[in-house]
Each structure stands twice: as C-alpha cells, then as structure tokens.
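First the structure, in the form of structure tokens, and then the observations on it.
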Amino acid sequence: MESETKLEDLRSALSCVYEKLGAESLTGPDSIELSARAEVIQDQIDAIQDVLIEDELAPPPNPPASPPPSDPLF
C-alpha cells in the first residue's frame with residue numbers, strides 16, 4: 001500500500017501548508033508561493049486517488065487458463 005502511505009504524507013504536507021497560509025505574519029510573496037505549493041500537492045493527491053479508484057473499479061484479473069483435457073486416445 002505504498003500509494004496509501006504517499007497519500008497520507010501528501011495530506012499531511014497539505015495540512016501544514018494550509019496552516020502556514022493562515023499565519024498572520026505571512027507576506028504576500030510567501031502566500032503566493034504557499035498557494036502554488038498547495039495546488040501542486042493537491043494535484044498529486046488527486047492523481048493518486050484517481051489511480052486507487054481505478055484499481056478498485058477494475059475487473060479482477062482473469063484466472064490462468066487451465067490446460068485442455070488430455071484425450072486418452074491420442
């Protein structure tokens with residue numbers, strides 16, 4: 001579940017970015033940079049979630065084909 005671990009790490013990072021965005025001492029350029037980082041992190045989260053959803057919705061893999069029955073006459 002590497003994707004789920006990465007997803008949790010990204011969510012944690014996004015939470016930190018939002019917390020910093022709420023700081024009163026934040027300057028304009030810092031706010032712009034943090035907003036850009038938040039967008040990048042959110043895009044990464046969305047991409048991972050899309051893959052996880054696709055994996056859940058994908059049909060199960062076909063079982064291996066069984067060999068044809070052997071004909072004792074041949």
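Letters A, B, ... mark the chains of the structure tokens in the order given; residue numbers begin at 1 per chain; ligand numbers begin at 1, in order shown.
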
Assign secondary structure with DSSP using the backbone only, and return the residues of region 13-71 of chain A in alpha helix (DSSP H) as a VMD selection string. chain A and resid 13 to 21 28 to 57

Create the file for the chosen residues now, containing C-alpha atoms and written as a short mmCIF file (atom, residue, chain, number, x, y, z; two decimals), in the first residue's frame.
data_model
loop_
_atom_site.label_atom_id
_atom_site.label_comp_id
_atom_site.auth_asym_id
_atom_site.auth_seq_id
_atom_site.Cartn_x
_atom_site.Cartn_y
_atom_site.Cartn_z
CA ALA A 13 2.03 18.26 3.90
CA LEU A 14 -1.07 19.98 2.54
CA SER A 15 -2.37 20.46 6.05
CA CYS A 16 0.92 22.12 7.03
CA VAL A 17 0.75 24.41 4.01
CA TYR A 18 -2.80 25.48 4.88
CA GLU A 19 -1.74 26.08 8.47
CA LYS A 20 1.10 28.31 7.28
CA LEU A 21 -1.26 30.14 4.93
CA GLY A 28 2.38 38.45 0.05
CA PRO A 29 5.11 36.59 -1.87
CA ASP A 30 5.16 33.81 0.74
CA SER A 31 1.40 33.48 0.45
CA ILE A 32 1.64 33.16 -3.33
CA GLU A 33 4.37 30.53 -3.06
CA LEU A 34 2.47 28.53 -0.45
CA SER A 35 -0.71 28.68 -2.55
CA ALA A 36 1.22 27.33 -5.53
CA ARG A 37 2.65 24.53 -3.38
CA ALA A 38 -0.84 23.70 -2.13
CA GLU A 39 -2.06 23.38 -5.72
CA VAL A 40 0.83 21.05 -6.64
CA ILE A 41 0.25 18.88 -3.58
CA GLN A 42 -3.50 18.75 -4.25
CA ASP A 43 -2.83 17.70 -7.86
CA GLN A 44 -0.60 14.88 -6.60
CA ILE A 45 -3.27 13.78 -4.13
CA ASP A 46 -5.90 13.80 -6.88
CA ALA A 47 -3.69 11.74 -9.18
CA ILE A 48 -3.06 9.09 -6.51
CA GLN A 49 -6.75 8.96 -5.61
CA ASP A 50 -7.65 8.51 -9.29
CA VAL A 51 -5.30 5.54 -9.54
CA LEU A 52 -6.69 4.00 -6.36
CA ILE A 53 -10.26 4.40 -7.63
CA GLU A 54 -9.36 2.89 -11.00
CA ASP A 55 -7.77 -0.07 -9.22
CA GLU A 56 -10.92 -0.59 -7.16
CA LEU A 57 -13.20 -0.40 -10.21
#

Would you mind reading off the distance between CA of Glu8 (chain A) and CA of Glu24 (chain A), one decimal, in Å?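 Separation of CA of Glu8 (chain A) and CA of Glu24 (chain A): 27.0 Å.
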